[in-house]
Amino acid sequence: MIYWKIFIAFFIPGIVGYGGGPASIPLVENEVVERFNWMTVSEFSEMLAMANALPGPIATKMAGFIGFQQGGIIGSFIGVFATVAPSLILMIGLLSLLYKFKDSPRVKTMTALIRPSIAILLGVIAFQFFRNSYFSSGALQTILLIGVSFFLLERVKVHPAFVILGSLMYGAIFLGS
Amino acid sequence: MQHWNLFLAFFRVGMLGYGGGPSSIPLVHKEVVEKYKWLSDDDFADILALGNSLPGPIATKMAGYIGFRVSGVLGMLNAVLATIIPTIAIMIVLITSLNSFRDQPWVNGMTQAVVPVVGVMLAKLTYDFIKKAKVSLGWLNTILLGAGSLILIEWAGVHPGLVIFALLLVALIRPMGKKGEKSKAYVRKEQSS
């Protein structure tokens, strides 16, 4: 039954994840951490870090990896299929119909209305990550890492992959005890 | 030859698209419009607009549809797989090899240090979504919808999918009078920003 669970876990984020891949991050977290208990928050955060450091679409990377962990190659395939297929089929199938409505305010309102909810979901995960870090690495390291990575990412505009790489090296040297 | 080009185009998009799906949009444009000339600029804009109004990851929606348009169902499969397979394979290999060193203290340190960094990235995404929400909905609605979602999802334990589905339903069925005009205006504002 694991394959069915994998399908459900990724079908829901795929079909309600308006606003591209990042909008589905908190929805995936809700399925794999809260509902199916496949991962802890810190395992999820490690995976997300890795996924952020690698190129390519984020939603399918998560689906492919978690699917693989839970159900091998077939699981990986099912996770990706559940993420990609519904919206792609909609895209191709309803094309002519939606072409007529693509400027419709209703369709635009749909994306607009769910933004605050997605923001809340993302904010809650960010908060969980900070709390986790506080408990495992202490307040000083957490604040230092937050401060430096914020500065590098947002002010200096260093590529996220390098910031993540840097933090991995920092952790291996200074937090590995 | 067409299939090989499709594969190459979307393989490059997948491997170079750092920062998730949306960051691959300009890369798709470069390959599909500028390099291979499969689509005109207008076609591309239409596909992007359409892709944005449907749920699910944007990169695979674009790859799938453009592949389909260039060479049918096989083209669709080709483009989607070229976008996603390489990065999924790298990810599985990297994390499983990291897991076999799990007991090493330095691996522990690595996984500890990366958590707050990802937290910062998520906080930034949160901020982006709030900022965009403010542009289209105004402060009052953004705060109301945000607070409502927080209460329902975090304290009442409602599935986020249900909350989002309900909001989508509201967008579909609510009467569109003057508000429709207003929303058209903000859409323009948003697109130009």
# chains A, B, ... in the order shown; residues from 1 in each chain; ligands from 1
>>> residues_around(residues="Ala49 in chain A", least_positions_apart="2", cutoff="9 Å", atoms="only C-alpha atoms", output="list in words")
Phe44, Ser45, Glu46, Met47, Ala51, Asn52, Ala53, Leu54 and Ile164 of chain A; Thr111, Val114, Val115, Val117 and Val118 of chain B
>>> write_last_selection(atoms="N, CA and C atoms", output="mmCIF file, in the first residue's frame")
data_model
loop_
_atom_site.group_PDB
_atom_site.id
_atom_site.type_symbol
_atom_site.label_atom_id
_atom_site.label_comp_id
_atom_site.auth_asym_id
_atom_site.auth_seq_id
_atom_site.Cartn_x
_atom_site.Cartn_y
_atom_site.Cartn_z
ATOM 1 N N PHE A 44 13.670 16.387 6.981
ATOM 2 C CA PHE A 44 13.079 17.146 5.888
ATOM 3 C C PHE A 44 13.941 18.360 5.556
ATOM 4 N N SER A 45 14.453 19.016 6.599
ATOM 5 C CA SER A 45 15.249 20.215 6.347
ATOM 6 C C SER A 45 16.571 19.876 5.661
ATOM 7 N N GLU A 46 17.169 18.732 6.028
ATOM 8 C CA GLU A 46 18.399 18.297 5.346
ATOM 9 C C GLU A 46 18.120 18.051 3.873
ATOM 10 N N MET A 47 17.005 17.367 3.623
ATOM 11 C CA MET A 47 16.665 17.051 2.243
ATOM 12 C C MET A 47 16.422 18.331 1.444
ATOM 13 N N ALA A 51 18.285 19.655 -1.770
ATOM 14 C CA ALA A 51 17.515 19.945 -2.978
ATOM 15 C C ALA A 51 17.754 21.378 -3.440
ATOM 16 N N ASN A 52 17.897 22.299 -2.479
ATOM 17 C CA ASN A 52 18.141 23.696 -2.837
ATOM 18 C C ASN A 52 19.533 23.900 -3.416
ATOM 19 N N ALA A 53 20.464 23.035 -2.986
ATOM 20 C CA ALA A 53 21.837 23.182 -3.464
ATOM 21 C C ALA A 53 22.012 22.566 -4.847
ATOM 22 N N LEU A 54 21.049 21.761 -5.263
ATOM 23 C CA LEU A 54 21.130 21.129 -6.584
ATOM 24 C C LEU A 54 20.257 21.882 -7.575
ATOM 25 N N ILE A 164 25.000 27.202 0.858
ATOM 26 C CA ILE A 164 24.738 25.896 1.471
ATOM 27 C C ILE A 164 26.025 25.087 1.578
ATOM 28 N N THR B 111 24.949 18.628 8.911
ATOM 29 C CA THR B 111 23.489 18.661 8.857
ATOM 30 C C THR B 111 22.917 19.657 9.856
ATOM 31 N N VAL B 114 23.333 23.403 8.309
ATOM 32 C CA VAL B 114 22.579 23.756 7.122
ATOM 33 C C VAL B 114 21.123 24.123 7.453
ATOM 34 N N VAL B 115 20.652 23.649 8.620
ATOM 35 C CA VAL B 115 19.241 23.875 8.968
ATOM 36 C C VAL B 115 18.863 25.366 9.050
ATOM 37 N N VAL B 117 20.309 27.849 7.693
ATOM 38 C CA VAL B 117 20.486 28.472 6.378
ATOM 39 C C VAL B 117 19.236 28.240 5.519
ATOM 40 N N VAL B 118 18.741 27.013 5.523
ATOM 41 C CA VAL B 118 17.510 26.735 4.778
ATOM 42 C C VAL B 118 16.349 27.505 5.396
#
>>> residues_around(residues="range 77-86 of chain A", least_positions_apart="4", cutoff="8 Å", atoms="only C-alpha atoms", output="list in words")
Tyr3, Ile6, Phe7, Ile8, Ala9, Phe10, Phe11, Pro13, Gly14, Ile15, Ala59, Thr60, Ala63, Gly64, Ile66, Gly67, Phe68, Ile73 and Leu90 of chain A; Gly56, Pro57, Thr60 and Lys61 of chain B
>>> write_last_selection(atoms="N, CA, C and O atoms", output="compact mmCIF listing (two decimals), in the first residue's frame")
# COMPACT_ATOMS: atom_id res chain seq x y z
N TYR A 3 2.81 2.35 -2.19
CA TYR A 3 2.78 3.08 -3.46
C TYR A 3 1.57 4.01 -3.52
O TYR A 3 1.65 5.12 -4.03
N ILE A 6 2.36 6.98 -1.37
CA ILE A 6 3.29 7.89 -2.07
C ILE A 6 2.51 8.71 -3.10
O ILE A 6 2.70 9.92 -3.22
N PHE A 7 1.63 8.02 -3.81
CA PHE A 7 0.85 8.72 -4.82
C PHE A 7 0.05 9.86 -4.20
O PHE A 7 0.11 11.01 -4.64
N ILE A 8 -0.67 9.55 -3.11
CA ILE A 8 -1.51 10.55 -2.43
C ILE A 8 -0.65 11.70 -1.89
O ILE A 8 -0.97 12.87 -2.04
N ALA A 9 0.50 11.32 -1.28
CA ALA A 9 1.35 12.34 -0.65
C ALA A 9 1.83 13.38 -1.66
O ALA A 9 2.10 14.52 -1.29
N PHE A 10 1.96 13.00 -2.93
CA PHE A 10 2.45 13.96 -3.90
C PHE A 10 1.38 14.47 -4.86
O PHE A 10 1.54 15.51 -5.48
N PHE A 11 0.29 13.71 -4.95
CA PHE A 11 -0.82 14.16 -5.79
C PHE A 11 -1.43 15.44 -5.21
O PHE A 11 -1.68 16.40 -5.94
N PRO A 13 -0.11 17.86 -3.06
CA PRO A 13 0.69 19.08 -3.30
C PRO A 13 0.72 19.48 -4.77
O PRO A 13 0.74 20.67 -5.10
N GLY A 14 0.71 18.51 -5.67
CA GLY A 14 0.76 18.83 -7.09
C GLY A 14 -0.49 19.55 -7.57
O GLY A 14 -0.42 20.46 -8.37
N ILE A 15 -1.63 19.14 -7.02
CA ILE A 15 -2.89 19.66 -7.53
C ILE A 15 -3.33 20.95 -6.82
O ILE A 15 -4.04 21.77 -7.41
N ALA A 59 10.04 20.69 -6.77
CA ALA A 59 8.94 19.78 -6.42
C ALA A 59 9.26 18.35 -6.85
O ALA A 59 9.05 17.39 -6.09
N THR A 60 9.81 18.19 -8.05
CA THR A 60 10.08 16.83 -8.52
C THR A 60 11.31 16.23 -7.85
O THR A 60 11.40 15.02 -7.69
N ALA A 63 9.88 14.89 -4.64
CA ALA A 63 9.03 13.73 -4.91
C ALA A 63 9.89 12.52 -5.28
O ALA A 63 9.67 11.41 -4.79
N GLY A 64 10.87 12.75 -6.14
CA GLY A 64 11.72 11.66 -6.58
C GLY A 64 12.51 11.06 -5.43
O GLY A 64 12.60 9.84 -5.29
N ILE A 66 11.96 11.38 -1.96
CA ILE A 66 11.15 10.78 -0.91
C ILE A 66 10.50 9.50 -1.40
O ILE A 66 10.44 8.49 -0.70
N GLY A 67 10.05 9.52 -2.65
CA GLY A 67 9.48 8.31 -3.25
C GLY A 67 10.50 7.18 -3.26
O GLY A 67 10.18 6.03 -2.94
N PHE A 68 11.75 7.50 -3.57
CA PHE A 68 12.82 6.50 -3.60
C PHE A 68 13.07 5.94 -2.22
O PHE A 68 13.21 4.73 -2.03
N ILE A 73 12.90 2.47 -6.61
CA ILE A 73 12.79 3.10 -7.92
C ILE A 73 11.32 3.31 -8.30
O ILE A 73 10.94 4.37 -8.81
N LEU A 90 -3.80 18.44 -17.21
CA LEU A 90 -4.67 19.61 -17.21
C LEU A 90 -4.20 20.62 -18.25
O LEU A 90 -4.98 21.16 -19.02
N GLY B 56 0.52 23.03 -9.65
CA GLY B 56 1.63 22.11 -9.90
C GLY B 56 2.89 22.82 -10.32
O GLY B 56 2.88 24.01 -10.60
N PRO B 57 4.01 22.08 -10.34
CA PRO B 57 5.31 22.67 -10.67
C PRO B 57 5.33 23.28 -12.07
O PRO B 57 4.84 22.68 -13.03
N THR B 60 7.94 21.53 -15.11
CA THR B 60 7.50 20.33 -15.82
C THR B 60 6.26 20.60 -16.67
O THR B 60 6.07 19.97 -17.70
N LYS B 61 5.43 21.55 -16.23
CA LYS B 61 4.28 21.91 -17.06
C LYS B 61 4.75 22.48 -18.39
O LYS B 61 4.23 22.15 -19.45
>>> select_by_dssp(residues="range 11-144 of chain A", states="alpha helix (DSSP H)", output="PyMOL selection string")
chain A and resi 11-16+25-29+41-53+58-93+95-101+105-144
>>> residues_around(residues="Leu16 in chain B", least_positions_apart="2", cutoff="7 Å", atoms="only C-alpha atoms", output="ChimeraX atom specification")
/A:55-56 /B:12-14,18
>>> write_last_selection(atoms="all heavy atoms", output="short mmCIF file (atom, residue, chain, number, x, y, z; two decimals), in the first residue's frame")
data_model
loop_
_atom_site.label_atom_id
_atom_site.label_comp_id
_atom_site.auth_asym_id
_atom_site.auth_seq_id
_atom_site.Cartn_x
_atom_site.Cartn_y
_atom_site.Cartn_z
N PRO A 55 20.60 21.78 -8.84
CA PRO A 55 19.78 22.46 -9.85
C PRO A 55 18.47 21.70 -10.12
O PRO A 55 18.26 20.62 -9.58
CB PRO A 55 20.67 22.43 -11.09
CG PRO A 55 21.52 21.22 -10.91
CD PRO A 55 21.76 21.09 -9.44
N GLY A 56 17.63 22.29 -10.93
CA GLY A 56 16.40 21.61 -11.36
C GLY A 56 15.21 21.94 -10.50
O GLY A 56 15.33 22.50 -9.43
N ARG B 12 19.59 20.79 -20.35
CA ARG B 12 20.31 22.00 -19.94
C ARG B 12 19.48 22.82 -18.96
O ARG B 12 19.99 23.32 -17.95
CB ARG B 12 20.68 22.84 -21.15
CG ARG B 12 21.94 22.37 -21.87
CD ARG B 12 22.41 23.42 -22.87
NE ARG B 12 21.49 23.54 -23.98
CZ ARG B 12 21.69 22.98 -25.18
NH1 ARG B 12 22.75 22.27 -25.41
NH2 ARG B 12 20.79 23.13 -26.14
N VAL B 13 18.19 22.96 -19.26
CA VAL B 13 17.32 23.72 -18.36
C VAL B 13 17.33 23.10 -16.97
O VAL B 13 17.48 23.80 -15.96
CB VAL B 13 15.87 23.77 -18.90
CG1 VAL B 13 14.93 24.33 -17.86
CG2 VAL B 13 15.82 24.60 -20.17
N GLY B 14 17.21 21.78 -16.90
CA GLY B 14 17.18 21.10 -15.61
C GLY B 14 18.47 21.25 -14.84
O GLY B 14 18.47 21.53 -13.64
N TYR B 18 19.08 26.59 -11.15
CA TYR B 18 19.22 26.65 -9.69
C TYR B 18 18.10 27.47 -9.09
O TYR B 18 17.68 28.46 -9.68
CB TYR B 18 20.55 27.28 -9.32
CG TYR B 18 21.66 26.28 -9.22
CD1 TYR B 18 22.36 25.90 -10.34
CD2 TYR B 18 21.96 25.68 -8.00
CE1 TYR B 18 23.37 24.96 -10.25
CE2 TYR B 18 22.95 24.75 -7.91
CZ TYR B 18 23.66 24.40 -9.03
OH TYR B 18 24.65 23.47 -8.95
#
>>> atom_distance(atom1="CA of Met110 in chain A", atom2="CA of Ala171 in chain B")
5.2 Å
>>> closest_residue(among="A:Arg155, A:Ser149, A:Trp4, A:Ile74", to="chain B", atoms="only C-alpha atoms")
A:Ser149
>>> closest_residue(among="A:Leu153, A:Gly75, A:Gly17, A:Ile143", to="chain B", atoms="only C-alpha atoms")
A:Gly17
>>> residues_around(residues="Leu168 in chain A", least_positions_apart="5", cutoff="9 Å", atoms="only C-alpha atoms", output="PyMOL selection string")
(chain A and resi 163+173) or (chain B and resi 107+109-114)
>>> write_last_selection(atoms="all heavy atoms", output="tab-separated table (two decimals), in the first residue's frame")
chain	number	residue	atom	x	y	z
A	163	VAL	N	26.26	29.16	-0.64
A	163	VAL	CA	26.00	29.41	0.77
A	163	VAL	C	25.76	28.09	1.50
A	163	VAL	O	26.28	27.84	2.59
A	163	VAL	CB	24.79	30.35	0.94
A	163	VAL	CG1	24.48	30.57	2.41
A	163	VAL	CG2	25.06	31.68	0.26
A	173	ILE	N	33.47	21.38	10.20
A	173	ILE	CA	34.66	21.77	10.95
A	173	ILE	C	34.33	22.20	12.39
A	173	ILE	O	34.95	21.75	13.34
A	173	ILE	CB	35.41	22.91	10.23
A	173	ILE	CG1	35.89	22.42	8.86
A	173	ILE	CG2	36.61	23.39	11.05
A	173	ILE	CD1	36.34	23.53	7.93
B	107	VAL	N	29.71	14.80	9.74
B	107	VAL	CA	28.45	14.78	8.98
B	107	VAL	C	27.33	15.38	9.82
B	107	VAL	O	26.49	16.13	9.33
B	107	VAL	CB	28.10	13.34	8.54
B	107	VAL	CG1	26.72	13.30	7.90
B	107	VAL	CG2	29.15	12.82	7.56
B	109	GLY	N	27.74	17.62	12.10
B	109	GLY	CA	27.95	19.07	12.09
B	109	GLY	C	27.40	19.70	10.84
B	109	GLY	O	26.75	20.76	10.88
B	110	MET	N	27.62	19.03	9.70
B	110	MET	CA	27.12	19.55	8.44
B	110	MET	C	25.60	19.69	8.46
B	110	MET	O	25.05	20.72	8.08
B	110	MET	CB	27.52	18.61	7.29
B	110	MET	CG	28.93	18.77	6.81
B	110	MET	SD	29.45	17.38	5.78
B	110	MET	CE	28.68	17.81	4.24
B	111	THR	N	24.95	18.63	8.91
B	111	THR	CA	23.49	18.66	8.86
B	111	THR	C	22.92	19.66	9.86
B	111	THR	O	21.86	20.22	9.64
B	111	THR	CB	22.89	17.26	9.09
B	111	THR	OG1	23.40	16.76	10.31
B	111	THR	CG2	23.24	16.33	7.97
B	112	GLN	N	23.69	19.90	10.96
B	112	GLN	CA	23.22	20.92	11.91
B	112	GLN	C	23.33	22.33	11.34
B	112	GLN	O	22.45	23.15	11.48
B	112	GLN	CB	24.05	20.85	13.19
B	112	GLN	CG	23.52	19.86	14.20
B	112	GLN	CD	24.39	19.84	15.44
B	112	GLN	OE1	24.89	20.87	15.89
B	112	GLN	NE2	24.60	18.66	15.98
B	113	ALA	N	24.47	22.57	10.67
B	113	ALA	CA	24.75	23.94	10.22
B	113	ALA	C	23.83	24.36	9.08
B	113	ALA	O	23.56	25.54	8.88
B	113	ALA	CB	26.20	24.06	9.80
B	114	VAL	N	23.33	23.40	8.31
B	114	VAL	CA	22.58	23.76	7.12
B	114	VAL	C	21.12	24.12	7.45
B	114	VAL	O	20.48	24.85	6.71
B	114	VAL	CB	22.68	22.60	6.09
B	114	VAL	CG1	21.60	21.57	6.33
B	114	VAL	CG2	22.65	23.14	4.69
>>> closest_residue(among="A:Val32, A:Ser42, A:Gly166, A:Ile25", to="Tyr134 in chain A", atoms="only C-alpha atoms")
A:Ser42
>>> closest_residue(among="B:Glu31, B:Leu167, B:Leu122, B:Pro55", to="Leu48 in chain A", atoms="only C-alpha atoms")
B:Leu122
>>> closest_residue(among="B:Leu145, B:Leu152, B:Val28, B:Leu6", to="chain A", atoms="only C-alpha atoms")
B:Leu145
>>> atom_distance(atom1="CA of Arg131 in chain A", atom2="CA of Ile118 in chain A")
20.0 Å
>>> closest_residue(among="A:Glu31, A:Lys157, A:Lys5, A:Pro116", to="chain B", atoms="only C-alpha atoms")
A:Pro116
>>> decode(residues="range 140-162 of chain A", atoms="N, CA and C atoms", output="PDB file, in the first residue's frame")
ATOM      1  N   LEU A 140      23.732  30.739  19.985  1.00  0.00           N
ATOM      2  CA  LEU A 140      24.801  31.523  19.383  1.00  0.00           C
ATOM      3  C   LEU A 140      25.060  31.098  17.938  1.00  0.00           C
ATOM      4  N   GLN A 141      25.254  29.778  17.724  1.00  0.00           N
ATOM      5  CA  GLN A 141      25.508  29.259  16.375  1.00  0.00           C
ATOM      6  C   GLN A 141      24.326  29.543  15.451  1.00  0.00           C
ATOM      7  N   THR A 142      23.114  29.368  15.991  1.00  0.00           N
ATOM      8  CA  THR A 142      21.925  29.582  15.168  1.00  0.00           C
ATOM      9  C   THR A 142      21.857  31.019  14.674  1.00  0.00           C
ATOM     10  N   ILE A 143      22.049  31.963  15.615  1.00  0.00           N
ATOM     11  CA  ILE A 143      21.967  33.378  15.227  1.00  0.00           C
ATOM     12  C   ILE A 143      23.086  33.732  14.254  1.00  0.00           C
ATOM     13  N   LEU A 144      24.284  33.200  14.516  1.00  0.00           N
ATOM     14  CA  LEU A 144      25.419  33.448  13.626  1.00  0.00           C
ATOM     15  C   LEU A 144      25.114  32.949  12.210  1.00  0.00           C
ATOM     16  N   LEU A 145      24.640  31.712  12.121  1.00  0.00           N
ATOM     17  CA  LEU A 145      24.365  31.121  10.805  1.00  0.00           C
ATOM     18  C   LEU A 145      23.240  31.864  10.087  1.00  0.00           C
ATOM     19  N   ILE A 146      22.206  32.242  10.838  1.00  0.00           N
ATOM     20  CA  ILE A 146      21.109  33.001  10.234  1.00  0.00           C
ATOM     21  C   ILE A 146      21.625  34.334   9.710  1.00  0.00           C
ATOM     22  N   GLY A 147      22.389  35.039  10.568  1.00  0.00           N
ATOM     23  CA  GLY A 147      22.876  36.361  10.204  1.00  0.00           C
ATOM     24  C   GLY A 147      23.782  36.316   8.977  1.00  0.00           C
ATOM     25  N   VAL A 148      24.768  35.410   9.020  1.00  0.00           N
ATOM     26  CA  VAL A 148      25.728  35.350   7.917  1.00  0.00           C
ATOM     27  C   VAL A 148      25.041  34.907   6.620  1.00  0.00           C
ATOM     28  N   SER A 149      24.183  33.883   6.705  1.00  0.00           N
ATOM     29  CA  SER A 149      23.573  33.394   5.463  1.00  0.00           C
ATOM     30  C   SER A 149      22.597  34.428   4.893  1.00  0.00           C
ATOM     31  N   PHE A 150      21.890  35.149   5.782  1.00  0.00           N
ATOM     32  CA  PHE A 150      21.003  36.208   5.287  1.00  0.00           C
ATOM     33  C   PHE A 150      21.806  37.285   4.569  1.00  0.00           C
ATOM     34  N   PHE A 151      22.919  37.675   5.203  1.00  0.00           N
ATOM     35  CA  PHE A 151      23.772  38.702   4.607  1.00  0.00           C
ATOM     36  C   PHE A 151      24.291  38.257   3.236  1.00  0.00           C
ATOM     37  N   LEU A 152      24.799  37.026   3.170  1.00  0.00           N
ATOM     38  CA  LEU A 152      25.363  36.532   1.911  1.00  0.00           C
ATOM     39  C   LEU A 152      24.298  36.371   0.833  1.00  0.00           C
ATOM     40  N   LEU A 153      23.137  35.830   1.220  1.00  0.00           N
ATOM     41  CA  LEU A 153      22.097  35.553   0.216  1.00  0.00           C
ATOM     42  C   LEU A 153      21.424  36.817  -0.275  1.00  0.00           C
ATOM     43  N   GLU A 154      21.074  37.704   0.674  1.00  0.00           N
ATOM     44  CA  GLU A 154      20.236  38.841   0.303  1.00  0.00           C
ATOM     45  C   GLU A 154      20.999  40.120   0.012  1.00  0.00           C
ATOM     46  N   ARG A 155      22.122  40.325   0.695  1.00  0.00           N
ATOM     47  CA  ARG A 155      22.863  41.561   0.472  1.00  0.00           C
ATOM     48  C   ARG A 155      23.936  41.375  -0.600  1.00  0.00           C
ATOM     49  N   VAL A 156      24.765  40.351  -0.415  1.00  0.00           N
ATOM     50  CA  VAL A 156      25.860  40.133  -1.370  1.00  0.00           C
ATOM     51  C   VAL A 156      25.374  39.375  -2.605  1.00  0.00           C
ATOM     52  N   LYS A 157      24.172  38.742  -2.476  1.00  0.00           N
ATOM     53  CA  LYS A 157      23.588  37.961  -3.573  1.00  0.00           C
ATOM     54  C   LYS A 157      24.467  36.802  -4.009  1.00  0.00           C
ATOM     55  N   VAL A 158      25.052  36.128  -3.044  1.00  0.00           N
ATOM     56  CA  VAL A 158      25.808  34.917  -3.353  1.00  0.00           C
ATOM     57  C   VAL A 158      24.815  33.828  -3.757  1.00  0.00           C
ATOM     58  N   HIS A 159      25.210  32.996  -4.708  1.00  0.00           N
ATOM     59  CA  HIS A 159      24.321  31.910  -5.140  1.00  0.00           C
ATOM     60  C   HIS A 159      24.025  30.942  -3.993  1.00  0.00           C
ATOM     61  N   PRO A 160      22.732  30.586  -3.782  1.00  0.00           N
ATOM     62  CA  PRO A 160      22.343  29.711  -2.672  1.00  0.00           C
ATOM     63  C   PRO A 160      23.181  28.430  -2.582  1.00  0.00           C
ATOM     64  N   ALA A 161      23.526  27.874  -3.733  1.00  0.00           N
ATOM     65  CA  ALA A 161      24.299  26.626  -3.702  1.00  0.00           C
ATOM     66  C   ALA A 161      25.622  26.821  -2.963  1.00  0.00           C
ATOM     67  N   PHE A 162      26.263  27.976  -3.159  1.00  0.00           N
ATOM     68  CA  PHE A 162      27.545  28.220  -2.489  1.00  0.00           C
ATOM     69  C   PHE A 162      27.354  28.464  -1.000  1.00  0.00           C
TER      70      PHE A 162
END
